[in-house]
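Participant: The structure that follows is given in the form of structure tokens.
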8 protein chains.
Amino acid sequence: MDWAREQRTGLAEALMCEGKTAGQIDGILAEAGERRLLLTRLSAEKLASLPASRRSGLDYDSLSRTAYWGETPPAAADGAVIVCAGTSDLPIAREAARTLVFFGHHGPLIADVGVAGLWRLMERLEEIRSYPVVIAVAGMEGALFSVLAGLTASVVIAVPSAVGYGVAAGGQAALHSALASCAPGVLTVNIDNGFGAACSAIKILRLRRDL
Amino acid sequence: MDWAREQRTGLAEALMCEGKTAGQIDGILAEAGERRLLLTRLSAEKLASLPASRRSGLDYDSLSRTAYWGETPPAAADGAVIVCAGTSDLPIAREAARTLVFFGHHGPLIADVGVAGLWRLMERLEEIRSYPVVIAVAGMEGALFSVLAGLTASVVIAVPSAVGYGVAAGGQAALHSALASCAPGVLTVNIDNGFGAACSAIKILRLRRDL
Amino acid sequence: MDWAREQRTGLAEALMCEGKTAGQIDGILAEAGERRLLLTRLSAEKLASLPASRRSGLDYDSLSRTAYWGETPPAAADGAVIVCAGTSDLPIAREAARTLVFFGHHGPLIADVGVAGLWRLMERLEEIRSYPVVIAVAGMEGALFSVLAGLTASVVIAVPSAVGYGVAAGGQAALHSALASCAPGVLTVNIDNGFGAACSAIKILRLRRDL
Amino acid sequence: MDWAREQRTGLAEALMCEGKTAGQIDGILAEAGERRLLLTRLSAEKLASLPASRRSGLDYDSLSRTAYWGETPPAAADGAVIVCAGTSDLPIAREAARTLVFFGHHGPLIADVGVAGLWRLMERLEEIRSYPVVIAVAGMEGALFSVLAGLTASVVIAVPSAVGYGVAAGGQAALHSALASCAPGVLTVNIDNGFGAACSAIKILRLRRDL
Amino acid sequence: MDWAREQRTGLAEALMCEGKTAGQIDGILAEAGERRLLLTRLSAEKLASLPASRRSGLDYDSLSRTAYWGETPPAAADGAVIVCAGTSDLPIAREAARTLVFFGHHGPLIADVGVAGLWRLMERLEEIRSYPVVIAVAGMEGALFSVLAGLTASVVIAVPSAVGYGVAAGGQAALHSALASCAPGVLTVNIDNGFGAACSAIKILRLRRDL
Amino acid sequence: MDWAREQRTGLAEALMCEGKTAGQIDGILAEAGERRLLLTRLSAEKLASLPASRRSGLDYDSLSRTAYWGETPPAAADGAVIVCAGTSDLPIAREAARTLVFFGHHGPLIADVGVAGLWRLMERLEEIRSYPVVIAVAGMEGALFSVLAGLTASVVIAVPSAVGYGVAAGGQAALHSALASCAPGVLTVNIDNGFGAACSAIKILRLRRDL
Amino acid sequence: MDWAREQRTGLAEALMCEGKTAGQIDGILAEAGERRLLLTRLSAEKLASLPASRRSGLDYDSLSRTAYWGETPPAAADGAVIVCAGTSDLPIAREAARTLVFFGHHGPLIADVGVAGLWRLMERLEEIRSYPVVIAVAGMEGALFSVLAGLTASVVIAVPSAVGYGVAAGGQAALHSALASCAPGVLTVNIDNGFGAACSAIKILRLRRDL
Amino acid sequence: MDWAREQRTGLAEALMCEGKTAGQIDGILAEAGERRLLLTRLSAEKLASLPASRRSGLDYDSLSRTAYWGETPPAAADGAVIVCAGTSDLPIAREAARTLVFFGHHGPLIADVGVAGLWRLMERLEEIRSYPVVIAVAGMEGALFSVLAGLTASVVIAVPSAVGYGVAAGGQAALHSALASCAPGVLTVNIDNGFGAACSAIKILRLRRDL
């Protein structure tokens, strides 16, 4: 782990568990010791393979496959709102929310506001507009990104999700919708990268704190 | 030309001019004689290369690159509405409209109702809903297709257009948005295929006439 | 669930089970209560994970992975015919048929009429032509779409299926055949989207009822 | 030029002019001297840049962009039939025909038998079946390949052409249709490779002569 | 099954088992009765799910996943040679060989003659050249196709195989090598389609018988 | 034009000239009248086709193909720094800079700091870090995005440019580098979308003003 | 196996175990007898399926899935350094290291020097520069390749790894970064091909021995 | 220009003229003054736009589109051989040769040794083997790379060229053949990157000088 990253970029490095064995993760947690650490993409199977003593030190959320190591997150000051269309996008949306909370920000979640039911999105619009940053999570055709960017002055960060089948499989259709949006001001991260979206949101929120 | 197609499928064959020389087009028009014929994708350069006598028999529209050969189209009975986001989609939208008119249908055009300016679409919604079939033309991220399908009970035919750059170049992003729409009931044709969309719309309109 | 969708678009929202846990599906059915609901992409494994009391309220079809919740579908009035080439396309073809029936329409199925055995398709042609809408399901090279559109005046909705291997794997070859058809009047939906094809067919059928 | 290729593989090397300058082509023809040579993909512009004395020794066909250098082709013995859907495929179809003739075979052309007008293909079926090898040229969705292979016992060589737009642009959709054909016995060459299809047809025809 | 296909195209339809359930396969075999039938892509698991009485009527080869139903194949007259680079291509190479034998042809196999060890291919060249048709099976970069076509006057049918990783995964690199070969006279079938290559080889062989 | 967009999203709509004729642009400028307007992707040829009286009202920059219509931009308060690797990226970098200036922000440009000459980037690092937002423009392999995000706490907006050849042609390689960056906190816009990057940067800058 | 390859190309053939059954591997080892042999991509499952007597003759490394058959590797003379960004790239990095050692070279490994933590790479730069050949292993966006090539005069061989998700899945993003590098002098091998990178490194090292 | 690059990486930066205006190139040459500089991808049109005085200082080669600025290249000591299949690959092959010469190395060219005429390659094999590094340039299917790597112990650097049509268009088929080669020890650079291949060859050659 790059323990010095927080000094340099303002955000501590997180532990991406995909592609690492339980043994490797265990070793990194031992090395972390008292330091706080966010774990992402930690499957329930891999969690179960960790020593029980290590597991007990983790605050795990199975839906987002994230875990907190170390002390309770600091009290939240400001935050970004997370918007998604439905149940299938929740794992990614919650990864973003849990990342915000870990670093001391609010991450409220507004689900079930997809484009196929536009008036439900309209009903929540004032609430969405009240946040400086909106993280939008959508798969399939990703029309939500453009609709949101056309309706609000907030910064919109699009997280395409790998939800869908046929031409939407893997999230490429949603990714391209985010990048090609007819509404200027949409910023995009990699498919399923709720963590990265939250990191960028935090950087933006902190610009305001620094004043 | 397949002069018997109208008997078989209800729609006369059109003359797709792309990939044909001016000489070949001239020959087909000579063969057509008194028969009415719709010409598509006829560039201004190719039109200029036709003999003047032939040109004078053509009712040409440069924006849509379509031409009518033969008698004036029949009076329109019913129709489909064509909806698009802006100026760049007009050539395709008009190709659809001119095809509808050639075969005896209305093809009113509602432009400038893109998703980035959603309330303008909302203002025209009642008008759009009054047509049994909606032909939607959109490039870039193609969010318009899902928004329309979520707001109306009409049949929605999506025509992705090759308008855009980067990941939207060539129309693939809009095509995938149409196919992967979260709103059921979107039907899709090939990129820039305004003619095909109109043909399908006509088939649907005629189902009602046949009762 | 968007319980208001029927009022707005004429078709009630269906429950897409892929990407949802058994617990989430159970919750939605509890919320549905007396309302009728169509479930799609419900695997046998997920069905088996539902509480027995919930399972007993479902009319499940394992081939199409669809289930009906609530009252028996209404008596069918009109319908669309579903045509496919063979055994491998049956799951998608039946998804379309079951969707038609759920919403009160006939959905007769004509299988084994692939292009490699063209005369078998020819023998059934009159029957196919008698329906206003034809839903064609085909994988591999998808030649069936163009052949059908060249032989009938009915509206043809193409459902490319992910049947095939090599360049046909995933259904892209069939999808492109549908979109690029040399026969005008082919409308396309996403790969394996039998449900969406049926929804569009129903919209078209209802245009005739509304007269 | 590989002047020894005929001894080794039975077919003399042809001169592919694309990617070569007029000067380089002129030099190769000088080197060829009395030897016969087939030139392919020779644009009219490049032809015009050759010295007049060289041009006069060439039998050029502008549609197929092919030229014969040297003596008149030998009298034809047997042949392969070339089938295509329409005017736009003629350049490729004629490249195949001219290659057959150059090497001493018949190469009759049956155009305008596309799948959208299936009965026209049916009317010519007996004639097509009378040839041992059928070269089928088709762009767009390439349904012709499967239809032909399902109707004849002849060897079918598919030449996908780069005719079409949207998803058919460049010929990939037709290529994939050829490769994924539901009718076994379709052999494929590269997009627009009429020359290669003819070379293979000649190899097959010569297998019969060698008995 | 299309029992009439042999009359029409000269080759009986085979039973592609992928995408069919054991129950469906069992039903087709019952329907076949005394007729001979070739089964392809029959996994060992699916075979084990067939009733024992049915299994005992099948001559199964696990490497190629093919089975013969009915009488012993007829004595072989002529044949095509099958050439491949190594162990990983054997399943596809044997599918071709077994198809040839089922329909009454020789299908000798020359393995381990990849391009990385060119002299081993050279040692077998005379033997390869003695066959009118060569079926070449290769994955990875597929250089074998061009090398063979440059060294022999026989008809070369390329079968790209899905052997390889990285850019070769799925067989696309080998497929493109076959289609883009610098040696004219390479004919190509779909990735892993040993069956189709053999069907085409048989059609070619029979052209000679028919004289 | 959507003249109401500024009220809704905080940024006035710009006039994207690509895909519009000189006549259409002229009409929109006439409609704009006294309103300020930013024109993007206006080629020198199209500019030359505008009436001279209209041209004289435009402040045109040929490198970035942008023009200002109307009053001089307001005095700049805060700004974002634009970083790129070299001469070829300048058109896109300047499009971003001119957009920032048009809307009242600084847009200083640091060019020639590509990854192949890392120490030159290091020499400018303190200057770069002093801005809250960094817009990075890079083509080819796009390594600059990750290097910058690893070295600064500022918000990094990546603009992949279509600079490069082979696998880098069109900008996809750089786009994927931005999205897949190993350094969290990189936000991405479409290829060559300097305008969109600047719009997002402005939204972020204004979040600070609003406090 | 091609036992003569060492004489011809200087490197003995290795046994690629992917795509081969345990039985086939066992047979090749029996044939090898006293000869030394390197096995690559040997999964733990396949190893466990070998006869115990055979297994005992193998020096297996589970992380890299490589095994040595036969005598201990010769003492190392010179070597190439292997550089990677982190834990997930270790399997590929070690495959390269084990290949170097098998053929008598050093293969030291420097891990955890990714671009997101550039100063850690800087700290090891002198050590890296001391080797004539650098093998760089990186997934995700592969920025490491360009950074290394810009900082050292050594030959850089890039091994893109299939580490990452979204647009980085499968390793294509890293591959394209290697090929499109703005720093001249980057040489690339296939995704995950640590073995091939080491083979090329050995060829380069031996050029110096041969003087 | 990065004038310090030679100190750092051993090779002076070259001036890539694509994407730069004649004015920008002129300015860089003025800045270069007495320093030697290699210009690549300089089209004849752009050359003609330079001031005559500047042009006279350039040693230009139109086939490779390269130019030398400054003193005559140093006398060559050692070198790499460049091998290609034919006339169309010459521009790229010469770019590599001219780069070698500019930096003081031999760059002999062996053309016309494509795989379709294998014996011609065999005739030159001893000559090829006598060089420590072989740069192979090939388009279409790129089989030359594997054949060469299987026949020589030299280091093989593959340069895929954008020569070919259909699936070979743009050079992707040749690139994938290089990367997926069944012969270990092939190193690859970007499509058409003769310059980069030469730079790497020089780095390798210099490793020997440094001993």
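Quick note on naming: the chains in the structure tokens go A, B, ... in the order shown, residues restart at 1 in each chain, and ligands are numbered from 1 in order of appearance.
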Which residues of chain A come within 8 Å of chain F, and for each one, what is the closest pair of atoms and their distance in Å to one decimal, counting only C-alpha atoms, sorted by chain and residue number, as a Markdown table?

Facilitator:
| residue | atom | partner | partner_atom | distance |
| --- | --- | --- | --- | --- |
| A:Arg8 | CA | F:Thr152 | CA | 6.5 |
| A:Thr9 | CA | F:Ala153 | CA | 4.0 |
| A:Gly10 | CA | F:Ala153 | CA | 5.6 |
| A:Pro132 | CA | F:Leu207 | CA | 6.6 |
| A:Ala149 | CA | F:Thr9 | CA | 7.8 |
| A:Gly150 | CA | F:Thr9 | CA | 6.8 |
| A:Leu151 | CA | F:Thr9 | CA | 6.6 |
| A:Thr152 | CA | F:Thr9 | CA | 5.2 |
| A:Ala153 | CA | F:Thr9 | CA | 4.0 |
| A:Ser154 | CA | F:Lys203 | CA | 7.0 |
| A:Val155 | CA | F:Lys203 | CA | 6.1 |
| A:Ile157 | CA | F:Leu187 | CA | 7.9 |
| A:Leu179 | CA | F:Asn190 | CA | 4.7 |
| A:Ala180 | CA | F:Asn190 | CA | 6.1 |
| A:Pro184 | CA | F:Gly196 | CA | 5.3 |
| A:Gly185 | CA | F:Ser200 | CA | 4.5 |
| A:Val186 | CA | F:Ser200 | CA | 6.9 |
| A:Leu187 | CA | F:Thr188 | CA | 5.5 |
| A:Thr188 | CA | F:Thr188 | CA | 4.9 |
| A:Val189 | CA | F:Leu179 | CA | 5.6 |
| A:Asn190 | CA | F:Leu179 | CA | 4.8 |
| A:Gly196 | CA | F:Pro184 | CA | 5.3 |
| A:Ala197 | CA | F:Gly185 | CA | 7.1 |
| A:Cys199 | CA | F:Gly185 | CA | 5.4 |
| A:Ser200 | CA | F:Gly185 | CA | 4.5 |
| A:Lys203 | CA | F:Val155 | CA | 6.1 |
| A:Ile204 | CA | F:Val155 | CA | 6.6 |
| A:Leu207 | CA | F:Pro132 | CA | 6.7 |
| A:Arg208 | CA | F:Arg208 | CA | 5.2 |
| A:Leu211 | CA | F:Arg208 | CA | 7.6 |

Participant: How would the residues just picked look written out with C-alpha atoms as a PDB file, in the first residue's frame?

Facilitator:
ATOM      1  CA  ARG A   8       0.235  13.857  -1.778  1.00  0.00           C
ATOM      2  CA  THR A   9      -3.255  13.711  -3.279  1.00  0.00           C
ATOM      3  CA  GLY A  10      -5.480  14.318  -0.278  1.00  0.00           C
ATOM      4  CA  PRO A 132     -23.278  20.608  -5.358  1.00  0.00           C
ATOM      5  CA  ALA A 149     -27.334  17.258 -16.718  1.00  0.00           C
ATOM      6  CA  GLY A 150     -30.081  19.079 -18.588  1.00  0.00           C
ATOM      7  CA  LEU A 151     -32.049  19.732 -15.415  1.00  0.00           C
ATOM      8  CA  THR A 152     -29.491  20.871 -12.866  1.00  0.00           C
ATOM      9  CA  ALA A 153     -26.551  23.227 -12.441  1.00  0.00           C
ATOM     10  CA  SER A 154     -24.744  20.788 -10.130  1.00  0.00           C
ATOM     11  CA  VAL A 155     -21.657  18.909 -11.260  1.00  0.00           C
ATOM     12  CA  ILE A 157     -20.485  12.534 -12.421  1.00  0.00           C
ATOM     13  CA  LEU A 179     -19.366  10.482 -22.961  1.00  0.00           C
ATOM     14  CA  ALA A 180     -21.529  11.545 -25.911  1.00  0.00           C
ATOM     15  CA  PRO A 184     -22.452  19.684 -21.584  1.00  0.00           C
ATOM     16  CA  GLY A 185     -21.036  19.195 -18.140  1.00  0.00           C
ATOM     17  CA  VAL A 186     -21.225  15.426 -17.735  1.00  0.00           C
ATOM     18  CA  LEU A 187     -18.026  13.899 -16.319  1.00  0.00           C
ATOM     19  CA  THR A 188     -17.482  10.158 -16.597  1.00  0.00           C
ATOM     20  CA  VAL A 189     -15.616   7.410 -14.797  1.00  0.00           C
ATOM     21  CA  ASN A 190     -15.000   3.764 -15.735  1.00  0.00           C
ATOM     22  CA  GLY A 196     -13.657   6.513  -8.344  1.00  0.00           C
ATOM     23  CA  ALA A 197     -16.742   8.676  -8.754  1.00  0.00           C
ATOM     24  CA  CYS A 199     -13.141  10.076  -4.883  1.00  0.00           C
ATOM     25  CA  SER A 200     -13.646  12.771  -7.501  1.00  0.00           C
ATOM     26  CA  LYS A 203     -11.983  16.283  -4.319  1.00  0.00           C
ATOM     27  CA  ILE A 204     -14.621  18.715  -5.571  1.00  0.00           C
ATOM     28  CA  LEU A 207     -12.244  22.603  -2.976  1.00  0.00           C
ATOM     29  CA  ARG A 208     -14.994  24.444  -1.159  1.00  0.00           C
ATOM     30  CA  LEU A 211     -11.531  28.479   0.788  1.00  0.00           C
TER      31      LEU A 211
END

Participant: Excluding region 21-28 of chain D and its own-chain neighbours fewer than 5 positions away, which residues fall within 8 Å of it when counting only C-alpha atoms? Please give them as JSON, numbers by chain.

Facilitator: {"D": [1, 46, 47, 49, 50, 51, 54]}

Participant: Between CA of Gly171 (chain C) and CA of Ala168 (chain A), measure the distance and give it in Å to one decimal.

Facilitator: 12.2 Å

Participant: Name the residues of region 68-105 of chain B that come out as strand (DSSP E or B) in a backbone DSSP run; write them as a PyMOL selection string.

Facilitator: chain B and resi 68-69+79+81-84

Participant: May I ask for the distance between CA of Asp112 (chain G) and CA of Glu141 (chain G), given in Å to one decimal place?

Facilitator: 15.5 Å

Participant: Between CA of Glu45 (chain D) and CA of Asp192 (chain D), what is the distance, to one decimal in Å?

Facilitator: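 Straight-line distance from CA of Glu45 (chain D) to CA of Asp192 (chain D) works out to 20.1 Å.
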
Participant: Neighbouring residues of Leu39 (chain B) were defined as those with any atom within 9 Å, considering only C-alpha atoms; residues of the same chain fewer than 2 positions away were excluded. Please report them as a list in words.

Facilitator: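 In the requested format, the answer is Ala14, Leu15, Met16, Cys17, Leu37, Arg41, Leu42, Tyr60, Arg65, Thr66, Ala67, Tyr68 and Trp69 of chain B.
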